[in-house]
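Student: File start.cif below, mmCIF, C-alpha atoms:
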data_query
#
loop_
_atom_site.label_atom_id
_atom_site.label_comp_id
_atom_site.auth_asym_id
_atom_site.auth_seq_id
_atom_site.Cartn_x
_atom_site.Cartn_y
_atom_site.Cartn_z
CA MET A 1 123.13 193.34 117.30
CA ARG A 2 121.09 196.37 118.35
CA ILE A 3 118.48 197.92 116.09
CA SER A 4 120.83 200.86 115.40
CA GLU A 5 123.47 198.45 114.08
CA LEU A 6 120.85 196.62 111.96
CA SER A 7 119.85 200.03 110.57
CA ARG A 8 123.47 200.95 109.83
CA ARG A 9 124.20 197.67 108.06
CA THR A 10 121.12 197.72 105.84
CA GLY A 11 120.59 201.45 105.35
CA VAL A 12 116.99 201.13 106.57
CA PRO A 13 116.03 203.82 109.14
CA VAL A 14 115.16 202.60 112.66
CA PRO A 15 111.52 203.84 112.55
CA THR A 16 111.05 201.92 109.26
CA ILE A 17 112.42 198.74 110.84
CA LYS A 18 109.98 199.18 113.74
CA TYR A 19 107.16 199.66 111.24
CA TYR A 20 108.03 196.38 109.48
CA VAL A 21 108.00 194.59 112.85
CA ARG A 22 104.56 196.05 113.67
CA GLU A 23 103.21 195.00 110.25
CA GLY A 24 104.47 191.45 110.74
CA LEU A 25 107.05 191.55 107.93
CA LEU A 26 110.01 191.18 110.26
CA PRO A 27 110.05 189.10 113.49
CA SER A 28 110.68 191.05 116.69
CA GLY A 29 114.19 191.06 118.06
CA GLU A 30 114.95 189.04 121.19
CA LEU A 31 114.36 191.23 124.24
CA THR A 32 117.52 191.57 126.33
CA SER A 33 116.07 194.23 128.62
CA PRO A 34 112.66 195.97 128.71
CA ASN A 35 113.91 198.66 126.32
CA GLN A 36 116.39 196.75 124.22
CA ALA A 37 116.09 193.98 121.65
CA ASN A 38 118.76 191.92 119.98
CA TYR A 39 118.67 191.31 116.22
CA SER A 40 120.45 188.52 114.38
CA GLU A 41 121.86 187.87 110.90
CA THR A 42 118.48 186.26 110.10
CA HIS A 43 116.81 189.62 110.75
CA GLU A 44 119.35 191.35 108.54
CA ARG A 45 118.76 188.87 105.72
CA ARG A 46 114.98 189.19 106.01
CA LEU A 47 115.22 192.99 106.05
CA ARG A 48 117.28 193.00 102.84
CA LEU A 49 114.68 190.72 101.25
CA ILE A 50 111.85 193.07 102.25
CA ARG A 51 113.70 196.04 100.73
CA ALA A 52 114.36 194.16 97.48
CA LEU A 53 110.69 193.17 97.14
CA LEU A 54 109.61 196.76 97.86
CA ASP A 55 112.18 198.71 95.84
CA VAL A 56 112.87 196.48 92.85
CA GLY A 57 109.82 194.20 92.85
CA GLY A 58 107.38 197.06 93.42
CA LEU A 59 105.34 194.94 95.86
CA LYS A 60 103.19 196.61 98.50
CA VAL A 61 103.79 196.09 102.24
CA ALA A 62 100.56 194.08 102.61
CA ALA A 63 101.52 191.77 99.72
CA ILE A 64 104.99 191.22 101.20
CA ALA A 65 103.43 190.35 104.57
CA GLU A 66 101.29 187.69 102.85
CA VAL A 67 104.15 186.26 100.81
CA LEU A 68 106.46 186.06 103.84
CA GLY A 69 103.63 184.52 105.88
CA ALA A 70 103.46 181.69 103.35
CA VAL A 71 107.27 181.39 103.31
CA ASP A 72 107.39 181.10 107.11
CA ASP A 73 104.67 178.45 107.50
CA PRO A 74 106.63 175.30 108.48
CA ALA A 75 103.61 172.97 108.26
CA ARG A 76 103.05 173.28 104.53
CA PRO A 77 104.67 171.02 101.93
CA VAL A 78 107.04 172.83 99.56
CA HIS A 79 104.73 172.67 96.57
CA LYS A 80 101.88 174.19 98.59
CA VAL A 81 104.14 176.99 99.84
CA LEU A 82 105.29 177.76 96.29
CA GLY A 83 101.64 177.73 95.14
CA ALA A 84 100.65 180.09 97.95
CA VAL A 85 103.54 182.40 97.09
CA ALA A 86 102.54 182.36 93.40
CA ASP A 87 98.94 183.19 94.34
CA ARG A 88 100.04 186.20 96.36
CA LEU A 89 102.46 187.47 93.73
CA GLY A 90 99.71 187.50 91.06
CA THR A 91 97.31 190.35 90.56
CA ALA A 92 93.99 189.96 92.31
CA HIS A 93 91.42 191.19 89.81
CA SER A 94 87.99 190.02 88.83
CA ASP A 95 87.77 189.12 85.17
CA ASP A 96 85.66 191.23 82.85
CA ASP A 97 82.90 189.30 81.14
CA ASP A 98 83.12 190.96 77.72
CA ALA A 99 83.81 189.32 74.36
CA GLU A 100 87.55 190.12 74.49
CA SER A 101 87.98 188.43 77.87
CA ALA A 102 86.10 185.35 76.71
CA ALA A 103 88.26 185.09 73.57
CA ALA A 104 91.46 185.66 75.56
CA SER A 105 90.43 183.08 78.14
CA ALA A 106 89.92 180.47 75.40
CA VAL A 107 93.34 181.30 73.90
CA VAL A 108 95.02 180.89 77.30
CA ALA A 109 93.30 177.55 78.00
CA GLU A 110 94.36 176.29 74.58
CA LEU A 111 97.96 177.52 75.10
CA ILE A 112 98.22 175.78 78.48
CA ALA A 113 96.92 172.53 76.95
CA ARG A 114 99.19 172.83 73.88
CA ARG A 115 102.32 173.43 75.96
CA GLY A 116 101.34 170.74 78.48
CA TRP A 117 101.75 173.10 81.44
CA ARG A 118 100.45 171.65 84.68
CA THR A 119 98.52 174.36 86.41
CA HIS A 120 95.26 174.91 88.16
CA GLU A 121 92.37 177.05 86.90
CA SER A 122 92.61 179.46 89.81
CA ASN A 123 96.30 180.25 89.19
CA PRO A 124 96.42 184.06 89.14
CA ALA A 125 99.08 184.00 86.40
CA ALA A 126 96.48 182.52 84.02
CA GLY A 127 94.15 185.39 84.94
CA ASP A 128 96.95 187.94 84.45
CA LEU A 129 97.72 186.47 81.04
CA THR A 130 94.04 186.53 80.05
CA ARG A 131 93.72 190.17 81.11
CA ALA A 132 96.82 191.22 79.19
CA LEU A 133 95.61 189.49 76.01
CA ALA A 134 92.09 190.92 76.37
CA ALA A 135 93.66 194.38 76.69
CA MET A 136 95.65 193.73 73.47
CA TRP A 137 92.42 192.84 71.71
CA ARG A 138 90.67 196.00 72.94
CA VAL A 139 93.42 198.22 71.50
CA GLY A 140 93.21 196.45 68.14
CA HIS A 141 96.19 194.11 68.63
CA GLY A 142 94.45 190.74 68.65
CA ALA A 143 97.06 189.57 66.11
CA PHE A 144 99.58 189.56 68.96
CA VAL A 145 98.38 186.01 69.77
CA GLU A 146 100.56 184.85 66.86
CA LEU A 147 103.59 185.60 69.06
CA LEU A 148 102.42 183.49 71.99
CA ASP A 149 104.47 180.41 71.16
CA ASP A 150 107.66 182.46 70.78
CA TYR A 151 106.89 184.01 74.17
CA ALA A 152 106.19 180.55 75.59
CA ASP A 153 109.52 179.21 74.25
CA ALA A 154 111.32 182.10 75.93
CA ALA A 155 109.35 181.68 79.18
CA GLU A 156 110.27 177.98 79.28
CA LEU A 157 113.93 178.83 78.65
CA VAL A 158 113.98 181.32 81.53
CA ALA A 159 111.97 179.07 83.86
CA ARG A 160 114.36 176.16 83.19
CA ALA A 161 117.32 178.37 84.16
CA ASP A 162 115.40 179.53 87.26
CA LEU A 163 114.67 175.96 88.32
CA ASP A 164 118.27 174.87 87.86
CA TYR A 165 119.29 177.75 90.06
CA VAL A 166 116.66 177.15 92.73
CA GLY A 167 117.34 173.40 92.69
CA ARG A 168 120.84 174.05 94.02
CA ARG A 169 119.42 175.37 97.32
CA VAL A 170 119.82 172.86 100.12
CA ALA A 171 117.40 173.85 102.87
CA VAL A 172 113.67 174.27 102.36
CA ASP A 173 113.52 177.82 103.74
CA GLU A 174 116.37 178.88 101.44
CA LEU A 175 114.63 177.21 98.53
CA VAL A 176 111.35 179.03 99.10
CA GLU A 177 113.12 182.34 99.67
CA SER A 178 115.01 181.80 96.41
CA VAL A 179 111.74 181.28 94.58
CA VAL A 180 110.35 184.55 95.92
CA ILE A 181 113.52 186.42 95.00
CA GLY A 182 113.78 184.71 91.63
CA THR A 183 110.17 185.39 90.75
CA VAL A 184 110.13 189.05 91.70
CA LEU A 185 113.70 190.18 90.94
CA GLY A 186 114.08 187.78 87.99
CA GLU A 187 111.06 189.47 86.45
CA ALA A 188 112.72 192.87 86.83
CA VAL A 189 115.90 191.46 85.26
CA PHE A 190 114.09 190.00 82.27
CA ASN A 191 111.94 193.08 81.64
CA ALA A 192 114.98 195.35 81.70
CA MET A 193 116.83 193.04 79.27
CA ARG A 194 113.92 192.88 76.86
CA ARG A 195 113.88 196.68 76.78
CA LEU A 196 117.63 196.78 76.20
CA VAL A 197 117.24 194.46 73.21
CA HIS A 198 114.36 196.60 71.91
CA VAL A 199 116.60 199.65 71.91
CA ASP A 200 119.27 197.66 70.10
CA ALA A 201 116.76 196.45 67.50
CA SER A 202 115.34 199.93 67.04
CA ALA A 203 118.84 201.35 66.51
CA ARG A 204 119.54 198.73 63.83
CA LEU A 205 116.22 199.31 62.08
CA PHE A 206 115.73 203.05 62.36
CA GLY A 207 118.96 204.53 63.67
CA ARG A 208 120.31 205.98 60.45
CA ASP A 209 117.01 207.29 59.11
CA THR A 210 116.08 210.92 59.16
CA ALA A 211 112.44 211.66 59.97
CA ALA A 212 111.60 212.18 56.31
CA GLU A 213 113.31 209.01 55.11
CA THR A 214 111.56 206.97 57.76
CA GLU A 215 108.21 208.46 56.87
CA SER A 216 108.58 207.48 53.23
CA LYS A 217 110.20 204.10 53.99
CA VAL A 218 107.56 203.05 56.45
CA ALA A 219 104.77 204.37 54.25
CA ASP A 220 106.00 202.47 51.18
CA MET B 1 80.03 210.73 68.76
CA ARG B 2 79.12 212.45 72.02
CA ILE B 3 81.10 211.90 75.20
CA SER B 4 78.27 209.73 76.58
CA GLU B 5 78.57 207.40 73.58
CA LEU B 6 82.39 207.30 73.95
CA SER B 7 81.85 206.37 77.60
CA ARG B 8 79.32 203.65 76.71
CA ARG B 9 81.62 202.11 74.08
CA THR B 10 84.73 202.01 76.25
CA GLY B 11 83.22 201.54 79.72
CA VAL B 12 85.15 204.59 80.97
CA PRO B 13 82.94 206.97 83.05
CA VAL B 14 82.38 210.48 81.60
CA PRO B 15 84.13 212.30 84.51
CA THR B 16 87.16 210.06 84.01
CA ILE B 17 87.26 210.89 80.29
CA LYS B 18 87.13 214.61 81.17
CA TYR B 19 89.96 214.09 83.64
CA TYR B 20 92.13 212.47 80.94
CA VAL B 21 91.44 215.44 78.64
CA ARG B 22 92.44 217.90 81.41
CA GLU B 23 95.66 215.94 82.09
CA GLY B 24 96.59 215.97 78.40
CA LEU B 25 96.28 212.21 77.87
CA LEU B 26 93.37 212.51 75.47
CA PRO B 27 92.89 215.33 72.92
CA SER B 28 89.75 217.45 73.41
CA GLY B 29 86.74 216.61 71.27
CA GLU B 30 85.78 218.95 68.44
CA LEU B 31 83.39 221.58 69.78
CA THR B 32 80.08 221.48 67.90
CA SER B 33 78.35 223.94 70.27
CA PRO B 34 79.54 225.75 73.40
CA ASN B 35 78.45 222.81 75.56
CA GLN B 36 78.97 219.90 73.28
CA ALA B 37 82.04 218.19 71.80
CA ASN B 38 82.31 215.54 69.16
CA TYR B 39 84.63 212.54 69.64
CA SER B 40 85.97 210.30 66.89
CA GLU B 41 87.18 206.72 66.52
CA THR B 42 90.69 208.12 67.11
CA HIS B 43 89.59 209.25 70.56
CA GLU B 44 88.07 205.85 71.24
CA ARG B 45 91.29 204.10 70.22
CA ARG B 46 93.42 206.40 72.35
CA LEU B 47 91.10 205.95 75.32
CA ARG B 48 91.40 202.17 75.08
CA LEU B 49 95.18 202.52 74.94
CA ILE B 50 95.19 204.71 78.07
CA ARG B 51 93.11 202.14 79.94
CA ALA B 52 95.38 199.28 78.87
CA LEU B 53 98.51 201.15 80.02
CA LEU B 54 96.83 201.98 83.34
CA ASP B 55 95.09 198.70 84.13
CA VAL B 56 97.42 196.08 82.70
CA GLY B 57 100.68 198.00 82.40
CA GLY B 58 100.38 199.57 85.84
CA LEU B 59 101.65 202.92 84.53
CA LYS B 60 100.76 206.12 86.35
CA VAL B 61 98.77 208.92 84.68
CA ALA B 62 101.81 211.23 84.58
CA ALA B 63 103.96 208.54 82.91
CA ILE B 64 101.25 207.87 80.32
CA ALA B 65 101.02 211.60 79.56
CA GLU B 66 104.79 211.65 78.89
CA VAL B 67 104.77 208.49 76.76
CA LEU B 68 101.84 209.71 74.67
CA GLY B 69 103.50 213.12 74.34
CA ALA B 70 106.50 211.41 72.71
CA VAL B 71 104.19 209.29 70.53
CA ASP B 72 102.35 212.37 69.28
CA ASP B 73 105.41 214.46 68.41
CA PRO B 74 105.43 214.51 64.59
CA ALA B 75 108.82 216.24 64.27
CA ARG B 76 110.91 213.45 65.78
CA PRO B 77 112.45 210.62 63.75
CA VAL B 78 111.09 207.18 64.61
CA HIS B 79 114.21 206.02 66.40
CA LYS B 80 114.18 209.12 68.61
CA VAL B 81 110.50 208.62 69.40
CA LEU B 82 111.12 204.99 70.35
CA GLY B 83 114.07 206.07 72.48
CA ALA B 84 111.98 208.73 74.21
CA VAL B 85 109.23 206.18 74.84
CA ALA B 86 111.78 203.71 76.25
CA ASP B 87 113.18 206.42 78.53
CA ARG B 88 109.76 207.16 79.93
CA LEU B 89 108.80 203.51 80.41
CA GLY B 90 111.91 202.87 82.51
CA THR B 91 112.13 203.53 86.21
CA ALA B 92 113.62 206.88 87.16
CA HIS B 93 115.88 206.16 90.11
CA SER B 94 119.25 207.38 91.14
CA ASP B 95 121.80 204.60 91.43
CA ASP B 96 123.18 203.67 94.81
CA ASP B 97 126.94 203.99 95.07
CA ASP B 98 127.60 200.91 97.20
CA ALA B 99 129.78 197.92 96.32
CA GLU B 100 126.82 195.86 95.06
CA SER B 101 125.77 198.58 92.61
CA ALA B 102 129.31 198.95 91.31
CA ALA B 103 129.64 195.19 90.78
CA ALA B 104 126.22 194.98 89.11
CA SER B 105 127.05 197.93 86.89
CA ALA B 106 130.24 196.21 85.68
CA VAL B 107 128.31 192.98 84.99
CA VAL B 108 125.71 194.88 82.94
CA ALA B 109 128.36 196.73 80.91
CA GLU B 110 130.12 193.43 80.19
CA LEU B 111 126.84 191.73 79.24
CA ILE B 112 125.92 194.54 76.82
CA ALA B 113 129.36 194.31 75.21
CA ARG B 114 129.30 190.48 75.06
CA ARG B 115 125.86 190.38 73.43
CA GLY B 116 126.70 193.26 71.10
CA TRP B 117 123.62 195.24 72.06
CA ARG B 118 123.64 198.77 70.72
CA THR B 119 122.48 201.02 73.49
CA HIS B 120 123.40 204.22 75.22
CA GLU B 121 124.69 204.59 78.76
CA SER B 122 121.69 206.62 79.85
CA ASN B 123 119.19 203.96 78.77
CA PRO B 124 117.01 203.50 81.86
CA ALA B 125 116.70 199.77 81.12
CA ALA B 126 120.43 199.40 81.84
CA GLY B 127 119.85 201.19 85.16
CA ASP B 128 116.85 198.97 85.95
CA LEU B 129 118.92 195.87 85.22
CA THR B 130 121.78 197.13 87.39
CA ARG B 131 119.41 197.83 90.27
CA ALA B 132 117.77 194.40 90.04
CA LEU B 133 121.16 192.64 90.04
CA ALA B 134 122.46 194.77 92.91
CA ALA B 135 119.34 193.82 94.89
CA MET B 136 120.06 190.12 94.14
CA TRP B 137 123.56 190.58 95.52
CA ARG B 138 122.29 192.27 98.67
CA VAL B 139 120.00 189.33 99.48
CA GLY B 140 122.82 186.85 98.96
CA HIS B 141 121.97 185.81 95.41
CA GLY B 142 124.96 187.13 93.50
CA ALA B 143 125.23 183.68 91.85
CA PHE B 144 122.13 184.62 89.83
CA VAL B 145 124.50 186.30 87.33
CA GLU B 146 125.22 182.79 86.00
CA LEU B 147 121.71 182.83 84.52
CA LEU B 148 122.16 186.10 82.64
CA ASP B 149 122.98 184.56 79.27
CA ASP B 150 119.94 182.26 79.42
CA TYR B 151 117.86 185.32 80.22
CA ALA B 152 119.52 187.22 77.39
CA ASP B 153 118.79 184.38 74.93
CA ALA B 154 115.14 184.47 75.96
CA ALA B 155 115.00 188.28 75.79
CA GLU B 156 116.42 188.21 72.25
CA LEU B 157 113.89 185.54 71.24
CA VAL B 158 111.00 187.64 72.53
CA ALA B 159 112.36 190.91 71.13
CA ARG B 160 112.79 189.29 67.69
CA ALA B 161 109.13 188.21 67.73
CA ASP B 162 108.15 191.73 68.89
CA LEU B 163 110.10 193.34 66.07
CA ASP B 164 108.58 191.03 63.44
CA TYR B 165 105.18 192.00 64.73
CA VAL B 166 105.86 195.73 64.92
CA GLY B 167 107.53 195.66 61.48
CA ARG B 168 104.21 194.74 59.90
CA ARG B 169 102.72 198.12 60.87
CA VAL B 170 102.41 200.44 57.92
CA ALA B 171 102.06 203.97 59.28
CA VAL B 172 104.53 205.60 61.67
CA ASP B 173 101.91 206.47 64.29
CA GLU B 174 100.64 202.88 64.27
CA LEU B 175 104.21 201.62 64.56
CA VAL B 176 105.01 203.76 67.57
CA GLU B 177 101.71 202.92 69.23
CA SER B 178 102.46 199.23 68.64
CA VAL B 179 105.82 199.61 70.34
CA VAL B 180 104.18 201.19 73.40
CA ILE B 181 101.53 198.46 73.54
CA GLY B 182 104.06 195.71 72.86
CA THR B 183 106.48 196.95 75.49
CA VAL B 184 103.95 197.40 78.27
CA LEU B 185 101.38 194.68 77.56
CA GLY B 186 103.97 192.27 76.14
CA GLU B 187 105.79 192.53 79.46
CA ALA B 188 102.61 191.59 81.32
CA VAL B 189 102.12 188.66 78.92
CA PHE B 190 105.66 187.36 79.41
CA ASN B 191 105.65 187.75 83.20
CA ALA B 192 102.36 185.86 83.50
CA MET B 193 103.70 183.06 81.28
CA ARG B 194 106.93 182.72 83.23
CA ARG B 195 104.87 182.31 86.40
CA LEU B 196 102.66 179.72 84.72
CA VAL B 197 105.74 177.70 83.77
CA HIS B 198 107.09 178.05 87.31
CA VAL B 199 103.91 176.49 88.69
CA ASP B 200 104.23 173.69 86.14
CA ALA B 201 107.87 173.08 87.09
CA SER B 202 107.07 173.17 90.80
CA ALA B 203 104.26 170.63 90.31
CA ARG B 204 106.66 168.30 88.48
CA LEU B 205 109.39 168.65 91.10
CA PHE B 206 107.47 168.79 94.35
CA GLY B 207 103.83 167.93 93.59
CA ARG B 208 103.77 164.37 94.86
CA ASP B 209 105.87 164.92 97.96
CA THR B 210 104.40 165.13 101.42
CA ALA B 211 105.97 167.76 103.67
CA ALA B 212 108.08 165.14 105.45
CA GLU B 213 109.34 163.52 102.25
CA THR B 214 110.25 166.91 100.81
CA GLU B 215 112.10 167.88 103.94
CA SER B 216 114.25 164.78 103.83
CA LYS B 217 114.68 164.85 100.06
CA VAL B 218 115.72 168.49 99.96
CA ALA B 219 117.97 168.08 102.98
CA ASP B 220 119.80 165.09 101.46
#
The structure in this file should be written as structure tokens.
Tutor:
Amino acid sequence: MRISELSRRTGVPVPTIKYYVREGLLPSGELTSPNQANYSETHERRLRLIRALLDVGGLKVAAIAEVLGAVDDPARPVHKVLGAVADRLGTAHSDDDDAESAAASAVVAELIARRGWRTHESNPAAGDLTRALAAMWRVGHGAFVELLDDYADAAELVARADLDYVGRRVAVDELVESVVIGTVLGEAVFNAMRRLVHVDASARLFGRDTAAETESKVAD
Amino acid sequence: MRISELSRRTGVPVPTIKYYVREGLLPSGELTSPNQANYSETHERRLRLIRALLDVGGLKVAAIAEVLGAVDDPARPVHKVLGAVADRLGTAHSDDDDAESAAASAVVAELIARRGWRTHESNPAAGDLTRALAAMWRVGHGAFVELLDDYADAAELVARADLDYVGRRVAVDELVESVVIGTVLGEAVFNAMRRLVHVDASARLFGRDTAAETESKVAD
């Protein structure tokens, strides 16, 4: 199809498609004449993936280019590709070296050992977890660590469902693409659900109270 | 304490603190002379909260100003404050009116009814969930809806732990602040954990394969 048809099908403006090609997110179309390129269903699929990662996943163009670069590398074994994708989806931050970060780091190492999770030290998710817990400590919520095993149970439940889903993919490229989609969009799905359940719980707990009743009830 | 001491304690530069005061995120210090203001432990606590929402939660300054505005409104009943906070933590997007959005919207309405979640139509979390599912559909992963009840089980597990934790707060302002912290930082905690478990699962499934073995195994 021509670029105008690709644009019509996906709702992505032609100049934006050209920008993605220049940035290496989308392969060029096959040139059929000096001024015309032909795009395939593969381009359409990739373009939809880019838009999902941008719009719902909140990823930046540079991060998407790196993730898709890892996805498209045919020489790497699957586990290495998934590791590379995970590295690029994590937040790249240097750790603070204050007391809260040290305490959080110890808690995370202990959690990983307790749950028997196979991971490597440089996994950015471990760093993200450490940073989030250190931030909890700094705002006076160090007691939140008591919830970690409930969170871990829930994370294992979700990850098991994810793996079942991904395991049904047949081809390697589909499998890796599913992991990217599942990681980024699945996160958006879970976060939205958790907030929905919070609203439900808040309605049950506080819905019928007037301000004054709540004040006295909570202060009791 | 003086602003310089507040800066030393929190690691936030003085000009940044002044910027937060100008933007309404942080109340002004109490003026002790025309050129000098006094800051309290309350300011320190609020400043740490702002940094956590910015650095770990990834919220923008304008969103933080709105969330803290709802937190600080003494006239509202707790449930209304929590609702206002939830509204501001969600993504403000208009929904697309394509077939995928309509299908996703129906799935979300059915899920909310099936799980018995009390919520209102305008809850932005429902919109976020609809958008994430519509994006899944567009990239060919409509089958992901089969995982929704596993996700919902996990979300309820996490939300129950959150509520237990928040329920231990005594004062209303602490309670609301805990909800903000729990929603934003708890999300970062859960997302990092889910990714940790993914890496573990990937190591178990694919870790020992060479590229060639994986190709043949996955293609079988």
Student: Taking all atoms listed in the file into account, report as a ChimeraX atom specification which residues of chain A lie within 7 Å of chain B.
Tutor: /A:45,48-49,52,56,76-79,83,117-119,125-126,128-129,132,135,138-139,147,150-152,154-159,161,170-172,185,187-200,202-203,206-207,210-211,214-215,218-219
Student: Please dump the current selection as a PDB file, keeping the file's coordinate frame; keep C-alpha atoms.
Tutor:
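For reference, again.pdb as written:
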ATOM      1  CA  ARG A  45     118.760 188.870 105.720  1.00  0.00           C
ATOM      2  CA  ARG A  48     117.280 193.000 102.840  1.00  0.00           C
ATOM      3  CA  LEU A  49     114.680 190.720 101.250  1.00  0.00           C
ATOM      4  CA  ALA A  52     114.360 194.160  97.480  1.00  0.00           C
ATOM      5  CA  VAL A  56     112.870 196.480  92.850  1.00  0.00           C
ATOM      6  CA  ARG A  76     103.050 173.280 104.530  1.00  0.00           C
ATOM      7  CA  PRO A  77     104.670 171.020 101.930  1.00  0.00           C
ATOM      8  CA  VAL A  78     107.040 172.830  99.560  1.00  0.00           C
ATOM      9  CA  HIS A  79     104.730 172.670  96.570  1.00  0.00           C
ATOM     10  CA  GLY A  83     101.640 177.730  95.140  1.00  0.00           C
ATOM     11  CA  TRP A 117     101.750 173.100  81.440  1.00  0.00           C
ATOM     12  CA  ARG A 118     100.450 171.650  84.680  1.00  0.00           C
ATOM     13  CA  THR A 119      98.520 174.360  86.410  1.00  0.00           C
ATOM     14  CA  ALA A 125      99.080 184.000  86.400  1.00  0.00           C
ATOM     15  CA  ALA A 126      96.480 182.520  84.020  1.00  0.00           C
ATOM     16  CA  ASP A 128      96.950 187.940  84.450  1.00  0.00           C
ATOM     17  CA  LEU A 129      97.720 186.470  81.040  1.00  0.00           C
ATOM     18  CA  ALA A 132      96.820 191.220  79.190  1.00  0.00           C
ATOM     19  CA  ALA A 135      93.660 194.380  76.690  1.00  0.00           C
ATOM     20  CA  ARG A 138      90.670 196.000  72.940  1.00  0.00           C
ATOM     21  CA  VAL A 139      93.420 198.220  71.500  1.00  0.00           C
ATOM     22  CA  LEU A 147     103.590 185.600  69.060  1.00  0.00           C
ATOM     23  CA  ASP A 150     107.660 182.460  70.780  1.00  0.00           C
ATOM     24  CA  TYR A 151     106.890 184.010  74.170  1.00  0.00           C
ATOM     25  CA  ALA A 152     106.190 180.550  75.590  1.00  0.00           C
ATOM     26  CA  ALA A 154     111.320 182.100  75.930  1.00  0.00           C
ATOM     27  CA  ALA A 155     109.350 181.680  79.180  1.00  0.00           C
ATOM     28  CA  GLU A 156     110.270 177.980  79.280  1.00  0.00           C
ATOM     29  CA  LEU A 157     113.930 178.830  78.650  1.00  0.00           C
ATOM     30  CA  VAL A 158     113.980 181.320  81.530  1.00  0.00           C
ATOM     31  CA  ALA A 159     111.970 179.070  83.860  1.00  0.00           C
ATOM     32  CA  ALA A 161     117.320 178.370  84.160  1.00  0.00           C
ATOM     33  CA  VAL A 170     119.820 172.860 100.120  1.00  0.00           C
ATOM     34  CA  ALA A 171     117.400 173.850 102.870  1.00  0.00           C
ATOM     35  CA  VAL A 172     113.670 174.270 102.360  1.00  0.00           C
ATOM     36  CA  LEU A 185     113.700 190.180  90.940  1.00  0.00           C
ATOM     37  CA  GLU A 187     111.060 189.470  86.450  1.00  0.00           C
ATOM     38  CA  ALA A 188     112.720 192.870  86.830  1.00  0.00           C
ATOM     39  CA  VAL A 189     115.900 191.460  85.260  1.00  0.00           C
ATOM     40  CA  PHE A 190     114.090 190.000  82.270  1.00  0.00           C
ATOM     41  CA  ASN A 191     111.940 193.080  81.640  1.00  0.00           C
ATOM     42  CA  ALA A 192     114.980 195.350  81.700  1.00  0.00           C
ATOM     43  CA  MET A 193     116.830 193.040  79.270  1.00  0.00           C
ATOM     44  CA  ARG A 194     113.920 192.880  76.860  1.00  0.00           C
ATOM     45  CA  ARG A 195     113.880 196.680  76.780  1.00  0.00           C
ATOM     46  CA  LEU A 196     117.630 196.780  76.200  1.00  0.00           C
ATOM     47  CA  VAL A 197     117.240 194.460  73.210  1.00  0.00           C
ATOM     48  CA  HIS A 198     114.360 196.600  71.910  1.00  0.00           C
ATOM     49  CA  VAL A 199     116.600 199.650  71.910  1.00  0.00           C
ATOM     50  CA  ASP A 200     119.270 197.660  70.100  1.00  0.00           C
ATOM     51  CA  SER A 202     115.340 199.930  67.040  1.00  0.00           C
ATOM     52  CA  ALA A 203     118.840 201.350  66.510  1.00  0.00           C
ATOM     53  CA  PHE A 206     115.730 203.050  62.360  1.00  0.00           C
ATOM     54  CA  GLY A 207     118.960 204.530  63.670  1.00  0.00           C
ATOM     55  CA  THR A 210     116.080 210.920  59.160  1.00  0.00           C
ATOM     56  CA  ALA A 211     112.440 211.660  59.970  1.00  0.00           C
ATOM     57  CA  THR A 214     111.560 206.970  57.760  1.00  0.00           C
ATOM     58  CA  GLU A 215     108.210 208.460  56.870  1.00  0.00           C
ATOM     59  CA  VAL A 218     107.560 203.050  56.450  1.00  0.00           C
ATOM     60  CA  ALA A 219     104.770 204.370  54.250  1.00  0.00           C
TER      61      ALA A 219
END
Student: How many Å separate atom CA of Ala70 of chain A from atom CA of Glu23 of chain A?
Tutor: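 Computed distance, atom CA of Ala70 of chain A to atom CA of Glu23 of chain A, equals 15.0 Å.
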Student: Using the file's own x, y and z axes, so that the box edges lie along x, y and z, what centre and edge lengths in Å (one decimal) does a box around every listed atom of segment 75-80 of chain B get when 6 Å is added on each side? Give it as lines of an AutoDock Vina configuration file.
Tutor:
center_x = 111.5
center_y = 211.1
center_z = 66.2
size_x = 17.4
size_y = 22.2
size_z = 16.9
Student: Could you state the separation of atom CA of Asn35 of chain A and atom CA of Gly11 of chain A in Å, given to one decimal place?
Tutor: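 The value is 22.2 Å.
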Student: Could you jot down the atom CA of Val21 of chain B to atom CA of Lys60 of chain A separation for me, Å, one decimal place?
Tutor: 29.8 Å
Student: Leaving out Ala62 of chain A and any residue of its chain fewer than 3 positions from it, which residues lie within 9 Å of it when counting all atoms listed in the file, given as a ChimeraX atom specification?
Tutor: /A:23,25,59,65-67
Student: May I have the residues from that selection written out with C-alpha atoms, as an mmCIF file, in the frame of the given file?
Tutor:
data_model
loop_
_atom_site.group_PDB
_atom_site.id
_atom_site.type_symbol
_atom_site.label_atom_id
_atom_site.label_comp_id
_atom_site.auth_asym_id
_atom_site.auth_seq_id
_atom_site.Cartn_x
_atom_site.Cartn_y
_atom_site.Cartn_z
ATOM 1 C CA GLU A 23 103.210 195.000 110.250
ATOM 2 C CA LEU A 25 107.050 191.550 107.930
ATOM 3 C CA LEU A 59 105.340 194.940 95.860
ATOM 4 C CA ALA A 65 103.430 190.350 104.570
ATOM 5 C CA GLU A 66 101.290 187.690 102.850
ATOM 6 C CA VAL A 67 104.150 186.260 100.810
#
